[in-house]
$ cat coords29.tsv   # TSV, C-alpha atoms
chain	number	residue	atom	x	y	z
E	5	MET	CA	-11.78	-15.75	-17.15
E	6	THR	CA	-12.55	-17.02	-20.65
E	7	ALA	CA	-15.00	-19.47	-22.16
E	8	GLN	CA	-12.17	-21.39	-23.86
E	9	ALA	CA	-10.03	-22.08	-20.78
E	10	LYS	CA	-10.32	-25.22	-18.68
E	11	LYS	CA	-12.06	-24.60	-15.35
E	12	ALA	CA	-10.61	-25.61	-11.98
E	13	VAL	CA	-11.69	-25.18	-8.36
E	14	VAL	CA	-9.02	-25.25	-5.64
E	15	THR	CA	-10.12	-25.23	-2.00
E	16	GLY	CA	-7.86	-23.69	0.61
E	17	GLY	CA	-6.43	-21.82	-2.35
E	18	THR	CA	-5.31	-18.52	-0.81
E	19	GLY	CA	-2.03	-19.71	0.70
E	20	GLY	CA	0.50	-22.50	0.89
E	21	ILE	CA	0.20	-25.50	-1.41
E	22	GLY	CA	-3.32	-24.52	-2.50
E	23	LEU	CA	-2.22	-21.12	-3.78
E	24	GLU	CA	0.85	-22.54	-5.51
E	25	THR	CA	-1.37	-25.15	-7.16
E	26	ALA	CA	-3.72	-22.43	-8.38
E	27	VAL	CA	-0.82	-20.33	-9.71
E	28	GLY	CA	0.66	-23.38	-11.45
E	29	LEU	CA	-2.68	-24.12	-13.13
E	30	ALA	CA	-3.01	-20.50	-14.26
E	31	ASN	CA	0.49	-20.71	-15.71
E	32	GLN	CA	-0.75	-23.59	-17.84
E	33	GLY	CA	-3.74	-21.65	-19.14
E	34	TRP	CA	-6.47	-22.67	-16.70
E	35	ASP	CA	-9.16	-20.47	-15.17
E	36	VAL	CA	-9.04	-21.05	-11.42
E	37	THR	CA	-11.60	-20.43	-8.70
E	38	VAL	CA	-10.02	-20.44	-5.24
E	39	VAL	CA	-12.10	-20.96	-2.13
E	40	ALA	CA	-11.21	-19.90	1.42
E	41	ARG	CA	-12.49	-17.81	4.34
E	42	ASP	CA	-10.34	-14.66	4.26
E	43	GLY	CA	-11.35	-11.98	1.77
E	44	ALA	CA	-8.07	-10.06	1.88
E	45	ARG	CA	-6.06	-13.21	1.24
E	46	GLY	CA	-8.52	-14.10	-1.51
E	47	ASP	CA	-7.92	-10.80	-3.30
E	48	ALA	CA	-4.15	-11.27	-3.01
E	49	ALA	CA	-4.44	-14.82	-4.37
E	50	VAL	CA	-6.42	-13.66	-7.41
E	51	ALA	CA	-3.80	-10.99	-8.10
E	52	ARG	CA	-1.06	-13.64	-8.11
E	53	ILE	CA	-3.10	-15.99	-10.30
E	54	ASP	CA	-3.82	-13.22	-12.81
E	55	GLU	CA	-0.16	-12.21	-12.88
E	56	ALA	CA	0.90	-15.80	-13.55
E	57	ALA	CA	-1.61	-16.14	-16.37
E	58	GLY	CA	-1.06	-12.70	-17.85
E	59	ARG	CA	-4.83	-12.20	-17.89
E	60	GLY	CA	-7.85	-12.33	-15.61
E	61	ALA	CA	-7.72	-16.06	-14.84
E	62	GLY	CA	-8.55	-16.08	-11.14
E	63	ARG	CA	-11.68	-15.81	-9.04
E	64	PHE	CA	-12.17	-15.93	-5.28
E	65	ILE	CA	-15.24	-17.27	-3.48
E	66	VAL	CA	-15.46	-16.85	0.27
E	67	ALA	CA	-16.71	-19.93	2.14
E	68	ASP	CA	-16.06	-21.52	5.51
E	69	LEU	CA	-15.48	-25.15	4.63
E	70	SER	CA	-15.49	-26.18	8.28
E	71	SER	CA	-19.26	-25.82	7.99
E	72	LEU	CA	-20.86	-28.69	6.10
E	73	ALA	CA	-23.97	-26.58	5.46
E	74	GLU	CA	-21.84	-23.84	3.88
E	75	THR	CA	-19.88	-26.44	1.94
E	76	ARG	CA	-23.09	-27.82	0.45
E	77	GLN	CA	-24.19	-24.29	-0.51
E	78	LEU	CA	-20.85	-23.69	-2.21
E	79	GLY	CA	-21.11	-26.96	-4.11
E	80	ARG	CA	-24.59	-26.16	-5.35
E	81	ARG	CA	-23.50	-22.69	-6.45
E	82	LEU	CA	-20.53	-24.05	-8.39
E	83	ALA	CA	-22.57	-26.90	-9.88
E	84	ALA	CA	-25.14	-24.41	-11.17
E	85	GLU	CA	-22.40	-22.67	-13.15
E	86	GLY	CA	-21.96	-25.69	-15.41
E	87	ALA	CA	-19.29	-28.17	-16.35
E	88	LEU	CA	-15.98	-28.37	-14.46
E	89	HIS	CA	-12.68	-29.90	-15.57
E	90	LEU	CA	-10.89	-30.17	-12.21
E	91	LEU	CA	-11.56	-30.13	-8.47
E	92	VAL	CA	-8.57	-29.95	-6.12
E	93	ASN	CA	-9.63	-30.69	-2.55
E	94	ASN	CA	-6.67	-29.02	-0.88
E	95	VAL	CA	-8.46	-27.70	2.20
E	96	GLY	CA	-7.31	-29.29	5.43
E	97	GLY	CA	-4.69	-28.88	8.08
E	98	MET	CA	-3.10	-29.97	11.33
E	99	TRP	CA	-3.61	-28.15	14.62
E	100	VAL	CA	-1.87	-28.25	17.98
E	101	ARG	CA	-5.09	-27.65	19.93
E	102	ARG	CA	-8.34	-29.52	19.46
E	103	TRP	CA	-11.19	-27.41	18.08
E	104	GLU	CA	-14.72	-27.96	16.82
E	105	SER	CA	-16.63	-26.66	13.82
E	106	ALA	CA	-19.82	-24.62	14.19
E	107	GLU	CA	-21.69	-27.91	13.80
E	108	GLY	CA	-19.80	-29.50	16.67
E	109	ILE	CA	-17.46	-31.77	14.68
E	110	GLU	CA	-13.80	-32.09	15.64
E	111	GLY	CA	-11.89	-29.85	13.23
E	112	SER	CA	-9.52	-32.39	11.72
E	113	VAL	CA	-12.38	-34.71	10.82
E	114	VAL	CA	-14.49	-32.05	9.15
E	115	LEU	CA	-11.81	-30.20	7.16
E	116	ASN	CA	-9.66	-33.17	6.15
E	117	HIS	CA	-12.48	-35.60	5.38
E	118	LEU	CA	-16.14	-34.63	5.58
E	119	SER	CA	-15.96	-31.23	3.89
E	120	PRO	CA	-14.13	-32.43	0.75
E	121	TYR	CA	-16.42	-35.46	0.69
E	122	VAL	CA	-19.53	-33.24	0.68
E	123	LEU	CA	-18.17	-30.73	-1.85
E	124	THR	CA	-17.16	-33.49	-4.25
E	125	GLU	CA	-20.57	-35.11	-4.12
E	126	GLU	CA	-22.22	-31.80	-4.99
E	127	LEU	CA	-19.89	-31.33	-7.99
E	128	LEU	CA	-20.00	-34.82	-9.49
E	129	GLY	CA	-22.54	-33.83	-12.11
E	130	ALA	CA	-20.44	-30.86	-13.23
E	131	LEU	CA	-17.29	-32.98	-13.39
E	132	THR	CA	-18.99	-35.82	-15.25
E	133	ALA	CA	-20.36	-33.34	-17.79
E	134	ARG	CA	-16.79	-32.32	-18.70
E	135	ALA	CA	-15.19	-35.78	-18.64
E	136	PRO	CA	-12.40	-36.67	-18.99
E	137	SER	CA	-11.98	-34.63	-15.83
E	138	ARG	CA	-10.13	-35.06	-12.54
E	139	ILE	CA	-10.59	-34.90	-8.78
E	140	VAL	CA	-7.40	-34.47	-6.76
E	141	ASN	CA	-7.56	-35.07	-3.01
E	142	VAL	CA	-4.53	-33.79	-1.11
E	143	THR	CA	-3.40	-36.41	1.40
E	144	SER	CA	-0.56	-36.60	3.93
E	145	ALA	CA	2.13	-38.88	5.29
E	146	ALA	CA	0.58	-38.09	8.71
E	147	ILE	CA	-1.51	-41.18	7.93
E	148	ALA	CA	1.41	-43.18	9.33
E	149	SER	CA	0.75	-41.68	12.80
E	150	ALA	CA	-3.01	-42.34	12.76
E	151	GLN	CA	-4.81	-44.35	15.41
E	152	PRO	CA	-7.07	-46.39	13.08
E	153	VAL	CA	-9.98	-46.64	15.50
E	154	PHE	CA	-13.35	-45.49	14.14
E	155	ASP	CA	-15.86	-46.38	16.85
E	156	ASP	CA	-16.72	-42.71	17.43
E	157	ILE	CA	-16.00	-39.29	15.90
E	158	GLU	CA	-12.66	-39.29	17.73
E	159	PRO	CA	-10.57	-42.15	19.11
E	160	PRO	CA	-10.23	-42.57	22.86
E	161	GLY	CA	-7.39	-40.92	24.74
E	162	PRO	CA	-5.58	-37.58	24.47
E	163	HIS	CA	-5.78	-35.41	21.34
E	164	TYR	CA	-2.58	-35.11	19.30
E	165	GLY	CA	-2.89	-32.98	16.20
E	166	MET	CA	-0.70	-35.05	13.89
E	167	ALA	CA	-2.47	-38.29	14.78
E	168	ALA	CA	-5.88	-36.63	14.44
E	169	THR	CA	-5.06	-35.30	10.99
E	170	GLY	CA	-3.54	-38.62	9.98
E	171	ARG	CA	-6.71	-40.45	11.00
E	172	ALA	CA	-8.92	-38.04	9.02
E	173	LYS	CA	-6.63	-38.26	5.99
E	174	LEU	CA	-6.70	-42.05	6.26
E	175	ALA	CA	-10.49	-41.96	6.20
E	176	HIS	CA	-10.42	-39.70	3.17
E	177	LEU	CA	-7.95	-41.94	1.38
E	178	VAL	CA	-10.44	-44.78	1.80
E	179	HIS	CA	-13.08	-42.53	0.27
E	180	THR	CA	-10.73	-41.53	-2.56
E	181	LEU	CA	-10.16	-45.15	-3.54
E	182	ASP	CA	-13.88	-45.95	-3.30
E	183	LEU	CA	-14.77	-42.92	-5.40
E	184	ALA	CA	-12.17	-43.83	-8.01
E	185	GLU	CA	-13.85	-47.21	-8.54
E	186	ARG	CA	-17.34	-45.74	-8.47
E	187	LEU	CA	-16.50	-43.13	-11.13
E	188	ARG	CA	-14.27	-45.32	-13.30
E	189	PRO	CA	-16.95	-45.75	-16.02
E	190	SER	CA	-17.70	-42.00	-16.08
E	191	GLY	CA	-14.32	-40.73	-17.27
E	192	VAL	CA	-13.70	-38.81	-14.03
E	193	SER	CA	-10.28	-39.73	-12.63
E	194	VAL	CA	-9.80	-39.60	-8.85
E	195	LEU	CA	-6.24	-39.21	-7.56
E	196	ALA	CA	-4.62	-38.50	-4.21
E	197	ALA	CA	-1.61	-36.18	-4.01
E	198	ASP	CA	0.92	-36.36	-1.17
E	199	PRO	CA	2.92	-33.11	-1.31
E	200	GLY	CA	5.32	-34.01	1.48
E	201	ALA	CA	6.42	-31.58	4.18
E	202	ALA	CA	6.69	-27.87	3.42
E	203	ALA	CA	6.94	-24.48	5.11
E	204	THR	CA	3.25	-23.61	4.95
E	205	ASP	CA	1.51	-21.16	7.30
E	206	ASN	CA	-0.10	-24.15	8.98
E	207	ALA	CA	3.27	-25.83	9.55
E	208	ALA	CA	4.67	-22.64	11.08
E	209	GLN	CA	2.13	-22.95	13.91
E	210	MET	CA	3.25	-26.45	14.90
E	211	THR	CA	4.82	-27.12	18.30
E	212	ILE	CA	6.03	-30.39	19.76
E	213	ASP	CA	2.62	-30.80	21.43
E	214	ILE	CA	1.18	-31.76	18.05
E	215	LEU	CA	3.05	-35.08	18.17
E	216	PRO	CA	2.07	-38.28	19.95
E	217	PRO	CA	4.68	-39.00	22.64
E	218	ALA	CA	6.32	-41.79	20.62
E	219	LEU	CA	7.21	-39.31	17.87
E	220	ARG	CA	8.53	-36.50	20.06
E	221	PRO	CA	12.17	-37.65	19.92
E	222	HIS	CA	11.95	-36.90	16.17
E	223	TRP	CA	10.72	-33.31	16.64
E	224	GLU	CA	13.84	-31.61	15.26
E	225	GLN	CA	13.85	-33.84	12.21
E	226	ILE	CA	10.17	-33.05	11.62
E	227	ARG	CA	10.81	-29.31	12.04
E	228	GLN	CA	13.56	-29.45	9.46
E	229	GLY	CA	11.24	-31.28	7.08
E	230	VAL	CA	8.62	-28.53	7.22
E	231	SER	CA	11.20	-25.92	6.24
E	232	ALA	CA	11.14	-27.02	2.58
E	233	PRO	CA	9.84	-24.38	0.14
E	234	VAL	CA	6.14	-24.58	-0.67
E	235	THR	CA	6.95	-24.15	-4.37
E	236	ALA	CA	8.73	-27.53	-4.29
E	237	ALA	CA	5.85	-29.27	-2.49
E	238	VAL	CA	3.32	-28.41	-5.19
E	239	LYS	CA	4.68	-31.00	-7.63
E	240	ALA	CA	2.37	-33.80	-6.47
E	241	SER	CA	-0.80	-31.74	-6.78
E	242	LEU	CA	0.05	-30.25	-10.17
E	243	THR	CA	1.12	-33.61	-11.57
E	244	ALA	CA	-2.07	-35.28	-10.38
E	245	ALA	CA	-4.12	-32.43	-11.80
E	246	THR	CA	-2.54	-31.98	-15.22
E	247	ALA	CA	0.01	-34.64	-16.25
E	248	PRO	CA	-1.00	-36.03	-19.66
E	249	GLY	CA	0.52	-39.38	-18.72
E	250	LEU	CA	-2.15	-39.81	-16.04
E	251	GLU	CA	-5.05	-39.45	-18.48
E	252	GLY	CA	-7.43	-42.31	-17.77
E	253	SER	CA	-5.60	-43.32	-14.57
E	254	THR	CA	-7.53	-43.42	-11.33
E	255	GLY	CA	-7.11	-44.57	-7.73
E	256	LEU	CA	-3.42	-43.64	-7.55
E	257	VAL	CA	-1.44	-41.72	-4.95
E	258	ILE	CA	1.02	-39.28	-6.51
E	259	GLY	CA	3.96	-38.76	-4.17
E	260	PRO	CA	6.16	-35.71	-3.55
E	261	SER	CA	8.39	-36.62	-6.52
E	262	GLY	CA	5.43	-36.47	-8.89
E	263	GLU	CA	5.46	-40.24	-9.40
E	264	PRO	CA	2.88	-42.81	-8.25
E	265	ASP	CA	3.68	-43.96	-4.71
E	266	THR	CA	2.06	-46.92	-2.94
E	267	LYS	CA	3.32	-46.34	0.63
E	268	LEU	CA	0.12	-44.76	1.92
E	269	LEU	CA	-2.03	-47.35	0.18
E	270	ASP	CA	-0.51	-49.99	2.45
E	271	PHE	CA	-2.47	-48.51	5.37
E	272	VAL	CA	-5.82	-49.21	3.67
E	273	THR	CA	-6.90	-52.79	4.35
E	274	PRO	CA	-10.28	-54.24	3.34
E	275	GLN	CA	-11.28	-54.46	7.00
E	276	LEU	CA	-10.32	-50.85	7.69
E	277	ALA	CA	-12.15	-49.67	4.56
E	278	ASP	CA	-15.37	-51.33	5.73
E	279	VAL	CA	-15.13	-49.69	9.15
E	280	VAL	CA	-14.37	-46.25	7.68
E	281	ARG	CA	-17.30	-46.45	5.24
E	282	ALA	CA	-19.72	-47.18	8.07
E	283	TRP	CA	-18.20	-44.46	10.30
E	284	THR	CA	-18.40	-41.83	7.54
E	285	ALA	CA	-21.98	-42.76	6.74
E	286	ARG	CA	-22.95	-42.37	10.41
E	287	LEU	CA	-21.34	-38.93	10.65
E	288	LEU	CA	-22.96	-37.64	7.46
E	289	ALA	CA	-26.35	-39.07	8.43
E	290	ALA	CA	-26.14	-37.29	11.80
E	291	GLN	CA	-25.44	-33.98	10.03
E	292	ALA	CA	-28.22	-34.52	7.50
E	293	GLY	CA	-30.63	-35.19	10.30
$ encode --input "coords29.tsv" --output "structure tokens"
Amino acid sequence: MTAQAKKAVVTGGTGGIGLETAVGLANQGWDVTVVARDGARGDAAVARIDEAAGRGAGRFIVADLSSLAETRQLGRRLAAEGALHLLVNNVGGMWVRRWESAEGIEGSVVLNHLSPYVLTEELLGALTARAPSRIVNVTSAAIASAQPVFDDIEPPGPHYGMAATGRAKLAHLVHTLDLAERLRPSGVSVLAADPGAAATDNAAQMTIDILPPALRPHWEQIRQGVSAPVTAAVKASLTAATAPGLEGSTGLVIGPSGEPDTKLLDFVTPQLADVVRAWTARLLAAQAG
């Protein structure tokens, strides 16, 4: 890593879209810190990043981002290192079976919404210090399957992984748009990136049980969609992170083609945004307490 290179942090950066994003950044001359839980995968990721850059451009930090306490510690560590040009909140996922974090939060909610929320807040000072800088939040078309009910941590009824992830991603899209407006005067751009479907390790674990019953007739079509190469799905994240044409832009969703796309924004109404803000505040207050 060099003092002259731009500095990026990519969460969930040891595989799939996160790793390809990190490699793409290194190819463009960035120094990249990747964050994930698995040390062996972290070492392999750094080797790929360094190979892409032709120098020592990568660094791995081990952290379990399903723990909000550990996420805060990570954020404070990174913030203490100084100014940052780019944060890519790629961590997240979709799971067939319901699970809970060590702090008792349903997994989709914590990894797709609360964890990136907390990490970003800890790093705002570092990002503002290097403005113009960017925050890229990876989103998902699973938002279309969300049950937009936010009376409790989880909506009533059975757990379906795609709907659970879609609901958490919907909540985080609300936060992304709010953060974009809040940071507009600071020179920090906040963008969402929808990579589309791809053959990630997470997608390989999907079974039909992940779908709400209404979507199950489309299972084969969905399976075909997640067979697309991961290298093709990275376009949205890399465009949001580095495209010169987006300098000064904020509050946009960059779609799989690398162009701004408004489809997911249609799911965010003023009424929904108000409900999500209150729900998120309750969850974070409970954890702080």
$ residues_around --input "coords29.tsv" --residues "stretch 232-238 of chain E" --least-positions-apart "2" --cutoff "10 Å" --atoms "only C-alpha atoms" --output "PDB file with C-alpha atoms, keeping the file's coordinate frame"
ATOM      1  CA  GLY E  19      -2.030 -19.710   0.700  1.00  0.00           C
ATOM      2  CA  GLY E  20       0.500 -22.500   0.890  1.00  0.00           C
ATOM      3  CA  ILE E  21       0.200 -25.500  -1.410  1.00  0.00           C
ATOM      4  CA  GLY E  22      -3.320 -24.520  -2.500  1.00  0.00           C
ATOM      5  CA  LEU E  23      -2.220 -21.120  -3.780  1.00  0.00           C
ATOM      6  CA  GLU E  24       0.850 -22.540  -5.510  1.00  0.00           C
ATOM      7  CA  THR E  25      -1.370 -25.150  -7.160  1.00  0.00           C
ATOM      8  CA  ALA E  26      -3.720 -22.430  -8.380  1.00  0.00           C
ATOM      9  CA  GLY E  28       0.660 -23.380 -11.450  1.00  0.00           C
ATOM     10  CA  ALA E 197      -1.610 -36.180  -4.010  1.00  0.00           C
ATOM     11  CA  ASP E 198       0.920 -36.360  -1.170  1.00  0.00           C
ATOM     12  CA  PRO E 199       2.920 -33.110  -1.310  1.00  0.00           C
ATOM     13  CA  GLY E 200       5.320 -34.010   1.480  1.00  0.00           C
ATOM     14  CA  ALA E 201       6.420 -31.580   4.180  1.00  0.00           C
ATOM     15  CA  ALA E 202       6.690 -27.870   3.420  1.00  0.00           C
ATOM     16  CA  ALA E 203       6.940 -24.480   5.110  1.00  0.00           C
ATOM     17  CA  THR E 204       3.250 -23.610   4.950  1.00  0.00           C
ATOM     18  CA  ASP E 205       1.510 -21.160   7.300  1.00  0.00           C
ATOM     19  CA  ARG E 227      10.810 -29.310  12.040  1.00  0.00           C
ATOM     20  CA  GLN E 228      13.560 -29.450   9.460  1.00  0.00           C
ATOM     21  CA  GLY E 229      11.240 -31.280   7.080  1.00  0.00           C
ATOM     22  CA  VAL E 230       8.620 -28.530   7.220  1.00  0.00           C
ATOM     23  CA  ALA E 240       2.370 -33.800  -6.470  1.00  0.00           C
ATOM     24  CA  SER E 241      -0.800 -31.740  -6.780  1.00  0.00           C
ATOM     25  CA  LEU E 242       0.050 -30.250 -10.170  1.00  0.00           C
ATOM     26  CA  THR E 243       1.120 -33.610 -11.570  1.00  0.00           C
ATOM     27  CA  GLY E 259       3.960 -38.760  -4.170  1.00  0.00           C
ATOM     28  CA  PRO E 260       6.160 -35.710  -3.550  1.00  0.00           C
ATOM     29  CA  SER E 261       8.390 -36.620  -6.520  1.00  0.00           C
ATOM     30  CA  GLY E 262       5.430 -36.470  -8.890  1.00  0.00           C
TER      31      GLY E 262
END
$ closest_residue --input "coords29.tsv" --among "E:Leu29, E:Ala44, E:Leu256, E:Leu88" --to "E:Ala7" --atoms "all atoms listed in the file"
E:Leu88
$ closest_atom_pairs --input "coords29.tsv" --of "stretch 263-287 of chain E" --to "stretch 115-122 of chain E" --cutoff "12 Å" --atoms "all atoms listed in the file" --output "Markdown table"
| residue | atom | partner | partner_atom | distance |
| --- | --- | --- | --- | --- |
| E:Val280 | CA | E:His117 | CA | 11.1 |
| E:Arg281 | CA | E:His117 | CA | 11.9 |
| E:Trp283 | CA | E:Leu118 | CA | 11.1 |
| E:Thr284 | CA | E:Leu118 | CA | 7.8 |
| E:Ala285 | CA | E:Leu118 | CA | 10.1 |
| E:Arg286 | CA | E:Leu118 | CA | 11.4 |
| E:Leu287 | CA | E:Leu118 | CA | 8.4 |
$ atom_distance --input "coords29.tsv" --atom1 "atom CA of E:Val95" --atom2 "atom CA of E:Glu224"
26.1 Å
$ atom_distance --input "coords29.tsv" --atom1 "atom CA of E:Arg81" --atom2 "atom CA of E:Asp42"
18.8 Å
$ atom_distance --input "coords29.tsv" --atom1 "atom CA of E:Ala12" --atom2 "atom CA of E:Ala289"
29.1 Å
$ closest_residue --input "coords29.tsv" --among "E:Ala84, E:Ala245, E:Ala40, E:Val66" --to "E:Lys10" --atoms "only C-alpha atoms"
E:Ala245
$ residues_near_point --input "coords29.tsv" --point "(-5.3, -48.4, 12.5)" --cutoff "8 Å" --atoms "only C-alpha atoms" --output "list in words"
Ala150, Gln151, Pro152, Val153, Phe271 and Leu276 of chain E
$ closest_residue --input "coords29.tsv" --among "E:Ala133, E:Ala9, E:Ile147, E:Ala83" --to "E:Ser190" --atoms "only C-alpha atoms"
E:Ala133
$ closest_atom_pairs --input "coords29.tsv" --of "stretch 49-133 of chain E" --to "stretch 154-170 of chain E" --cutoff "6 Å" --atoms "only C-alpha atoms" --output "CSV"
residue,atom,partner,partner_atom,distance
E:Met98,CA,E:Thr169,CA,5.7
E:Trp99,CA,E:Gly165,CA,5.1
E:Val100,CA,E:Gly165,CA,5.2
E:Ser112,CA,E:Thr169,CA,5.4
$ closest_residue --input "coords29.tsv" --among "E:Val113, E:Val38, E:Ile65, E:Leu90" --to "E:Ala175" --atoms "only C-alpha atoms"
E:Val113
$ closest_residue --input "coords29.tsv" --among "E:Asp278, E:Glu185, E:Glu74, E:Glu110" --to "E:Thr254" --atoms "only C-alpha atoms"
E:Glu185
$ closest_residue --input "coords29.tsv" --among "E:Leu269, E:Leu250, E:Ala106, E:Ala87" --to "E:Asp68" --atoms "all atoms listed in the file"
E:Ala106
